[in-house]
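Visitor: I am attaching a structure below and will ask some questions about it afterwards.
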Amino acid sequence: MELKHAIYDRRATRAYSAEAVAQADLEALIDAAIQAPSANNLQPWAFCILRNSALLTRISEEAKALMLQSSPATVPSPHVEEMLGNPDYQIFYHAPALILICAVGDDSWSQIDCTLAAQNLMLAAHGTGLATCWIGFAQVWLETDEGRAALDLPANWKPVAPIIVGHPSGVTLPPSRHTPKLVWRD
Ligand SMILES: Cc1cc2nc3c(=O)[nH]c(=O)nc-3n(C[C@H](O)[C@H](O)[C@H](O)COP(=O)(O)O)c2cc1C
């Protein structure tokens, strides 16, 4: 796929078919992720891959409950609060896989490095016909002791980017972009 199409046509996708993502395809996405630049080439990332639908549903339930419990601090709007209160809303949109990119170690750039890896992963997925969505709703729960224990995360792995991956079902229309604020300092 041409780079321009990858950049312009990637979408945060919220509808997935039940088809599993092949192991080799997940490995290829991680390989694309680690091609990202990183400060001092520390490559401070690690990947936790979840494919257990029962666990994903459990995380969704617990993450929703935790966010609602700490609302409004962690819930941006009444619309989101209503969504999280809907028992039919699964924060992972029933995608077959979640790749959690974690920052490893305490380098001050590590979380930024992980977000660069995340963008690579999302573009690479789009390039192969897969779809993704970063799921920030999972973040607060992933940082809890319960969350870390459920995923058995090593102590020095910090969750940064929970990204669902799957085969898209249907078409996602592009949300419009605001005109960027620019200042030119010629
Ligand atoms: C840090 C971050 C957190 C996000 N969290 C969520 C989320 O929890 N649920 C969701 O449906 N989309 C989430 N998104 C997707 C955004 O809503 C989406 O990227 C935005 O609406 C623009 O759409 P596009 O990615 O298709 O251009 C998140 C995106 C980012 C970058």
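Residue numbers start at 1 in each chain; chains themselves are named A, B, ... in the order of the structure tokens; ligands are numbered from 1 in the order shown.
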Write out as an mmCIF file with N, CA and C atoms, in the first residue's frame the residues lying within 10 Å of segment 141-153 of chain A, counting only C-alpha atoms and excluding same-chain residues fewer than 5 positions away.
Guide:
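Result file is result-v1.cif:
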data_model
loop_
_atom_site.group_PDB
_atom_site.id
_atom_site.type_symbol
_atom_site.label_atom_id
_atom_site.label_comp_id
_atom_site.auth_asym_id
_atom_site.auth_seq_id
_atom_site.Cartn_x
_atom_site.Cartn_y
_atom_site.Cartn_z
ATOM 1 N N PHE A 47 5.705 -6.288 24.556
ATOM 2 C CA PHE A 47 4.361 -6.496 24.017
ATOM 3 C C PHE A 47 3.675 -7.646 24.750
ATOM 4 N N CYS A 48 2.479 -7.390 25.211
ATOM 5 C CA CYS A 48 1.659 -8.440 25.825
ATOM 6 C C CYS A 48 0.478 -8.652 24.887
ATOM 7 N N ILE A 49 0.319 -9.875 24.405
ATOM 8 C CA ILE A 49 -0.716 -10.151 23.400
ATOM 9 C C ILE A 49 -1.814 -10.993 24.049
ATOM 10 N N LEU A 50 -3.044 -10.499 23.954
ATOM 11 C CA LEU A 50 -4.182 -11.218 24.548
ATOM 12 C C LEU A 50 -5.123 -11.674 23.440
ATOM 13 N N LEU A 55 -11.225 -13.358 28.769
ATOM 14 C CA LEU A 55 -10.404 -12.405 29.525
ATOM 15 C C LEU A 55 -10.647 -10.979 29.028
ATOM 16 N N ARG A 58 -13.837 -9.818 30.451
ATOM 17 C CA ARG A 58 -13.668 -9.525 31.888
ATOM 18 C C ARG A 58 -12.974 -8.174 32.070
ATOM 19 N N ILE A 59 -11.930 -7.930 31.294
ATOM 20 C CA ILE A 59 -11.214 -6.649 31.408
ATOM 21 C C ILE A 59 -12.166 -5.508 31.073
ATOM 22 N N SER A 60 -12.972 -5.700 30.026
ATOM 23 C CA SER A 60 -13.914 -4.649 29.631
ATOM 24 C C SER A 60 -14.857 -4.328 30.786
ATOM 25 N N GLU A 62 -14.497 -4.867 34.023
ATOM 26 C CA GLU A 62 -13.814 -4.282 35.187
ATOM 27 C C GLU A 62 -13.333 -2.868 34.874
ATOM 28 N N ALA A 63 -12.875 -2.643 33.647
ATOM 29 C CA ALA A 63 -12.402 -1.302 33.267
ATOM 30 C C ALA A 63 -13.565 -0.316 33.258
ATOM 31 N N LYS A 64 -14.714 -0.760 32.742
ATOM 32 C CA LYS A 64 -15.883 0.132 32.718
ATOM 33 C C LYS A 64 -16.305 0.485 34.140
ATOM 34 N N ALA A 65 -16.367 -0.531 34.996
ATOM 35 C CA ALA A 65 -16.793 -0.299 36.381
ATOM 36 C C ALA A 65 -15.831 0.658 37.085
ATOM 37 N N LEU A 66 -14.543 0.450 36.862
ATOM 38 C CA LEU A 66 -13.545 1.298 37.526
ATOM 39 C C LEU A 66 -13.664 2.745 37.048
ATOM 40 N N MET A 67 -13.856 2.920 35.745
ATOM 41 C CA MET A 67 -13.967 4.292 35.230
ATOM 42 C C MET A 67 -15.218 4.975 35.759
ATOM 43 N N LEU A 100 -0.937 -5.051 23.846
ATOM 44 C CA LEU A 100 -0.624 -3.999 24.815
ATOM 45 C C LEU A 100 0.865 -3.692 24.715
ATOM 46 N N CYS A 102 3.993 -1.968 26.117
ATOM 47 C CA CYS A 102 4.427 -1.508 27.444
ATOM 48 C C CYS A 102 5.796 -0.856 27.348
ATOM 49 N N GLY A 136 -8.020 3.551 24.968
ATOM 50 C CA GLY A 136 -7.652 4.286 26.186
ATOM 51 C C GLY A 136 -8.530 3.930 27.368
ATOM 52 N N LYS A 158 5.428 -0.964 31.939
ATOM 53 C CA LYS A 158 4.346 -0.006 32.181
ATOM 54 C C LYS A 158 3.404 0.046 30.971
ATOM 55 N N PRO A 159 2.111 -0.259 31.169
ATOM 56 C CA PRO A 159 1.179 -0.224 30.035
ATOM 57 C C PRO A 159 1.108 1.162 29.420
ATOM 58 N N VAL A 160 1.263 1.229 28.092
ATOM 59 C CA VAL A 160 1.202 2.521 27.387
ATOM 60 C C VAL A 160 0.109 2.516 26.318
ATOM 61 N N PRO A 162 -2.810 0.169 24.617
ATOM 62 C CA PRO A 162 -3.620 -1.037 24.386
ATOM 63 C C PRO A 162 -4.296 -0.907 23.022
#
Visitor: What do you get as a PyMOL selection string if you pick all residues at most 7 Å from ligand 1, counting only C-alpha atoms and all ligand atoms?
Guide: chain A and resi 10-14+91+133-138+174-175
Visitor: Put those residues in a file: all heavy atoms, as a tab-separated table (two decimals), in the first residue's frame.
Guide:
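Written output follows (part-v7.tsv):
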chain	number	residue	atom	x	y	z
A	10	ARG	N	-6.12	5.00	7.30
A	10	ARG	CA	-6.23	4.23	8.55
A	10	ARG	C	-7.35	4.80	9.40
A	10	ARG	O	-7.51	6.01	9.49
A	10	ARG	CB	-4.91	4.32	9.35
A	10	ARG	CG	-4.99	3.64	10.71
A	10	ARG	CD	-4.14	4.33	11.76
A	10	ARG	NE	-4.46	5.74	11.86
A	10	ARG	CZ	-5.49	6.23	12.54
A	10	ARG	NH1	-6.31	5.44	13.21
A	10	ARG	NH2	-5.72	7.54	12.55
A	11	ARG	N	-8.13	3.94	10.02
A	11	ARG	CA	-9.21	4.43	10.87
A	11	ARG	C	-9.23	3.70	12.20
A	11	ARG	O	-8.86	2.52	12.28
A	11	ARG	CB	-10.59	4.20	10.21
A	11	ARG	CG	-10.86	4.98	8.95
A	11	ARG	CD	-11.37	6.41	9.20
A	11	ARG	NE	-10.46	7.32	9.85
A	11	ARG	CZ	-9.51	8.06	9.23
A	11	ARG	NH1	-9.35	8.00	7.95
A	11	ARG	NH2	-8.74	8.88	9.94
A	12	ALA	N	-9.64	4.40	13.23
A	12	ALA	CA	-9.96	3.74	14.49
A	12	ALA	C	-11.22	2.93	14.23
A	12	ALA	O	-12.28	3.50	13.95
A	12	ALA	CB	-10.19	4.77	15.59
A	13	THR	N	-11.09	1.62	14.29
A	13	THR	CA	-12.18	0.74	13.84
A	13	THR	C	-12.90	0.13	15.04
A	13	THR	O	-12.27	-0.37	15.97
A	13	THR	CB	-11.59	-0.34	12.92
A	13	THR	OG1	-10.99	0.32	11.81
A	13	THR	CG2	-12.64	-1.31	12.44
A	14	ARG	N	-14.23	0.17	14.98
A	14	ARG	CA	-15.03	-0.26	16.13
A	14	ARG	C	-16.01	-1.37	15.79
A	14	ARG	O	-16.96	-1.60	16.53
A	14	ARG	CB	-15.75	0.95	16.72
A	14	ARG	CG	-14.76	2.05	17.15
A	14	ARG	CD	-15.43	3.24	17.82
A	14	ARG	NE	-14.42	4.17	18.28
A	14	ARG	CZ	-13.92	5.19	17.55
A	14	ARG	NH1	-14.37	5.40	16.34
A	14	ARG	NH2	-12.99	5.98	18.06
A	91	ILE	N	-15.62	-2.55	25.60
A	91	ILE	CA	-14.64	-1.52	25.22
A	91	ILE	C	-13.70	-2.01	24.12
A	91	ILE	O	-13.06	-1.19	23.46
A	91	ILE	CB	-13.84	-0.98	26.43
A	91	ILE	CG1	-12.94	-2.05	27.04
A	91	ILE	CG2	-14.75	-0.35	27.47
A	91	ILE	CD1	-11.91	-1.49	28.03
A	133	CYS	N	-7.71	-0.22	16.86
A	133	CYS	CA	-8.14	0.96	17.60
A	133	CYS	C	-7.40	0.98	18.93
A	133	CYS	O	-7.32	-0.05	19.61
A	133	CYS	CB	-9.66	0.92	17.84
A	133	CYS	SG	-10.33	2.43	18.59
A	134	TRP	N	-6.83	2.11	19.24
A	134	TRP	CA	-6.20	2.29	20.56
A	134	TRP	C	-7.33	2.38	21.57
A	134	TRP	O	-8.26	3.18	21.40
A	134	TRP	CB	-5.40	3.60	20.53
A	134	TRP	CG	-4.60	3.92	21.76
A	134	TRP	CD1	-4.99	3.79	23.06
A	134	TRP	CD2	-3.27	4.43	21.80
A	134	TRP	NE1	-4.00	4.21	23.91
A	134	TRP	CE2	-2.93	4.61	23.15
A	134	TRP	CE3	-2.34	4.78	20.81
A	134	TRP	CZ2	-1.69	5.11	23.56
A	134	TRP	CZ3	-1.11	5.29	21.21
A	134	TRP	CH2	-0.79	5.44	22.58
A	135	ILE	N	-7.27	1.60	22.65
A	135	ILE	CA	-8.37	1.61	23.62
A	135	ILE	C	-7.90	2.24	24.94
A	135	ILE	O	-7.49	1.55	25.89
A	135	ILE	CB	-8.92	0.17	23.84
A	135	ILE	CG1	-9.38	-0.44	22.52
A	135	ILE	CG2	-10.08	0.21	24.85
A	135	ILE	CD1	-10.53	0.30	21.82
A	136	GLY	N	-8.02	3.55	24.97
A	136	GLY	CA	-7.65	4.29	26.19
A	136	GLY	C	-8.53	3.93	27.37
A	136	GLY	O	-8.09	4.05	28.53
A	137	PHE	N	-9.77	3.46	27.11
A	137	PHE	CA	-10.66	3.11	28.21
A	137	PHE	C	-10.08	1.99	29.08
A	137	PHE	O	-10.51	1.78	30.21
A	137	PHE	CB	-12.03	2.64	27.68
A	137	PHE	CG	-12.89	3.73	27.11
A	137	PHE	CD1	-13.88	3.42	26.18
A	137	PHE	CD2	-12.73	5.06	27.48
A	137	PHE	CE1	-14.69	4.41	25.64
A	137	PHE	CE2	-13.53	6.06	26.95
A	137	PHE	CZ	-14.52	5.73	26.02
A	138	ALA	N	-9.14	1.24	28.55
A	138	ALA	CA	-8.56	0.14	29.33
A	138	ALA	C	-7.43	0.62	30.25
A	138	ALA	O	-7.02	-0.10	31.17
A	138	ALA	CB	-8.02	-0.94	28.39
A	174	PRO	N	-14.14	8.45	7.80
A	174	PRO	CA	-13.11	9.25	8.48
A	174	PRO	C	-13.72	10.42	9.24
A	174	PRO	O	-14.50	11.18	8.66
A	174	PRO	CB	-12.24	9.76	7.32
A	174	PRO	CG	-13.11	9.68	6.11
A	174	PRO	CD	-14.12	8.60	6.35
A	175	PRO	N	-13.38	10.59	10.53
A	175	PRO	CA	-13.79	11.82	11.21
A	175	PRO	C	-13.00	13.00	10.63
A	175	PRO	O	-11.85	12.82	10.25
A	175	PRO	CB	-13.43	11.58	12.67
A	175	PRO	CG	-12.65	10.33	12.74
A	175	PRO	CD	-12.57	9.72	11.38
Visitor: Which one is closest to Asn52 of chain A: A:Ala36, A:Glu82, A:His94, A:Thr172? Count only C-alpha atoms.
Guide: A:His94
Visitor: Taking only C-alpha atoms into account, name the residue in A:Leu123, A:Ala161, A:Leu84, A:Leu130 that is nearest to His5 of chain A.
Guide: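 Of the candidates, the smallest distance to His5 of chain A is held by A:Leu123.
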Visitor: Can you pull out every residue within 7 Å of segment 22-35 of chain A, counting only C-alpha atoms, but drop anything in the same chain fewer than 6 positions away, and send it as a PDB file with N, CA, C and O atoms, in the first residue's frame?
Guide:
ATOM      1  N   ALA A 117       5.934   3.406  18.309  1.00  0.00           N
ATOM      2  CA  ALA A 117       5.778   1.991  17.934  1.00  0.00           C
ATOM      3  C   ALA A 117       4.301   1.682  17.668  1.00  0.00           C
ATOM      4  O   ALA A 117       3.956   0.934  16.738  1.00  0.00           O
ATOM      5  N   ALA A 118       3.434   2.286  18.473  1.00  0.00           N
ATOM      6  CA  ALA A 118       1.988   2.050  18.315  1.00  0.00           C
ATOM      7  C   ALA A 118       1.505   2.537  16.950  1.00  0.00           C
ATOM      8  O   ALA A 118       0.739   1.853  16.268  1.00  0.00           O
ATOM      9  N   ASN A 120       3.283   2.893  14.227  1.00  0.00           N
ATOM     10  CA  ASN A 120       3.799   1.950  13.219  1.00  0.00           C
ATOM     11  C   ASN A 120       2.889   0.727  13.132  1.00  0.00           C
ATOM     12  O   ASN A 120       2.548   0.243  12.059  1.00  0.00           O
ATOM     13  N   LEU A 121       2.552   0.206  14.308  1.00  0.00           N
ATOM     14  CA  LEU A 121       1.731  -1.018  14.353  1.00  0.00           C
ATOM     15  C   LEU A 121       0.374  -0.780  13.684  1.00  0.00           C
ATOM     16  O   LEU A 121      -0.095  -1.597  12.875  1.00  0.00           O
ATOM     17  N   ALA A 124       0.839  -0.430   9.916  1.00  0.00           N
ATOM     18  CA  ALA A 124       1.179  -1.728   9.307  1.00  0.00           C
ATOM     19  C   ALA A 124      -0.051  -2.621   9.239  1.00  0.00           C
ATOM     20  O   ALA A 124      -0.277  -3.327   8.245  1.00  0.00           O
ATOM     21  N   ALA A 125      -0.868  -2.575  10.278  1.00  0.00           N
ATOM     22  CA  ALA A 125      -2.094  -3.378  10.267  1.00  0.00           C
ATOM     23  C   ALA A 125      -2.985  -2.939   9.112  1.00  0.00           C
ATOM     24  O   ALA A 125      -3.473  -3.763   8.326  1.00  0.00           O
TER      25      ALA A 125
END
Visitor: Just the strand (DSSP E) stuff from segment 28-128 of chain A, please, per backbone DSSP, written as a PDB file with C-alpha atoms, in the first residue's frame.
Guide:
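Contents of out_13.pdb, as written:
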ATOM      1  CA  TRP A  45       9.122  -1.550  24.502  1.00  0.00           C
ATOM      2  CA  ALA A  46       7.584  -4.918  25.207  1.00  0.00           C
ATOM      3  CA  PHE A  47       4.361  -6.496  24.017  1.00  0.00           C
ATOM      4  CA  CYS A  48       1.659  -8.440  25.825  1.00  0.00           C
ATOM      5  CA  ILE A  49      -0.716 -10.151  23.400  1.00  0.00           C
ATOM      6  CA  LEU A  50      -4.182 -11.218  24.548  1.00  0.00           C
ATOM      7  CA  ALA A  97      -6.798  -9.651  19.798  1.00  0.00           C
ATOM      8  CA  LEU A  98      -5.349  -6.931  21.979  1.00  0.00           C
ATOM      9  CA  ILE A  99      -1.712  -5.935  21.752  1.00  0.00           C
ATOM     10  CA  LEU A 100      -0.624  -3.999  24.815  1.00  0.00           C
ATOM     11  CA  ILE A 101       2.574  -2.060  24.192  1.00  0.00           C
ATOM     12  CA  CYS A 102       4.427  -1.508  27.444  1.00  0.00           C
ATOM     13  CA  ALA A 103       7.314   0.801  28.277  1.00  0.00           C
ATOM     14  CA  VAL A 104      10.175  -1.073  29.876  1.00  0.00           C
TER      15      VAL A 104
END
Visitor: Could you write out, as a ChimeraX atom specification, all the residues of segment 59-145 of chain A that DSSP marks as helix (DSSP H, G or I)?
Guide: /A:59-69,78-85,110-127,136-142,145
Visitor: Counting only C-alpha atoms, which of A:Met122, A:Ala131, A:Leu56, A:Ala6 gets nearest to Gly166 of chain A?
Guide: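 Among the listed residues, A:Ala131 lies closest to Gly166 of chain A.
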Visitor: Might you pull out every residue within 8 Å of Gln43 of chain A, with only C-alpha atoms counted and same-chain residues fewer than 3 positions away left off, and present them as a PDB file with N, CA, C and O atoms, in the first residue's frame?
Guide:
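So selection-v9.pdb came out as:
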ATOM      1  N   ILE A  34       8.460  -2.365  16.082  1.00  0.00           N
ATOM      2  CA  ILE A  34       9.816  -2.166  16.627  1.00  0.00           C
ATOM      3  C   ILE A  34      10.768  -1.496  15.632  1.00  0.00           C
ATOM      4  O   ILE A  34      11.933  -1.260  15.953  1.00  0.00           O
ATOM      5  N   PRO A  37      11.455   4.752  15.610  1.00  0.00           N
ATOM      6  CA  PRO A  37      12.621   5.362  16.253  1.00  0.00           C
ATOM      7  C   PRO A  37      12.443   5.365  17.770  1.00  0.00           C
ATOM      8  O   PRO A  37      11.311   5.321  18.267  1.00  0.00           O
ATOM      9  N   SER A  38      13.553   5.386  18.489  1.00  0.00           N
ATOM     10  CA  SER A  38      13.460   5.499  19.952  1.00  0.00           C
ATOM     11  C   SER A  38      14.656   6.304  20.455  1.00  0.00           C
ATOM     12  O   SER A  38      15.741   6.261  19.850  1.00  0.00           O
ATOM     13  N   ALA A  39      14.431   7.024  21.528  1.00  0.00           N
ATOM     14  CA  ALA A  39      15.482   7.896  22.060  1.00  0.00           C
ATOM     15  C   ALA A  39      16.705   7.063  22.420  1.00  0.00           C
ATOM     16  O   ALA A  39      16.602   6.039  23.115  1.00  0.00           O
ATOM     17  N   SER A 110      10.604   6.778  27.283  1.00  0.00           N
ATOM     18  CA  SER A 110      10.122   5.442  26.896  1.00  0.00           C
ATOM     19  C   SER A 110       8.654   5.419  26.477  1.00  0.00           C
ATOM     20  O   SER A 110       8.282   4.703  25.553  1.00  0.00           O
ATOM     21  N   ASP A 113       8.440   6.769  22.995  1.00  0.00           N
ATOM     22  CA  ASP A 113       8.925   5.743  22.064  1.00  0.00           C
ATOM     23  C   ASP A 113       7.829   4.706  21.798  1.00  0.00           C
ATOM     24  O   ASP A 113       7.635   4.261  20.657  1.00  0.00           O
TER      25      ASP A 113
END
Visitor: What is the distance, in Å and to one decimal place, between atom CA of Arg177 of chain A and atom CA of Ser71 of chain A?
Guide: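 Distance between the two atoms: 28.1 Å.
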Visitor: Expressed in Å to a single decimal, how great is the separation between atom CA of Arg51 of chain A and atom CA of Gln119 of chain A?
Guide: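 Rounded to one decimal, the two atoms are 20.7 Å apart.
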Visitor: Counting only C-alpha atoms, figure out which residue out of A:Val80, A:Ala73, A:Leu42, A:Val165 gets nearest to Ser108 of chain A.
Guide: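 The closest residue to Ser108 of chain A is A:Leu42.
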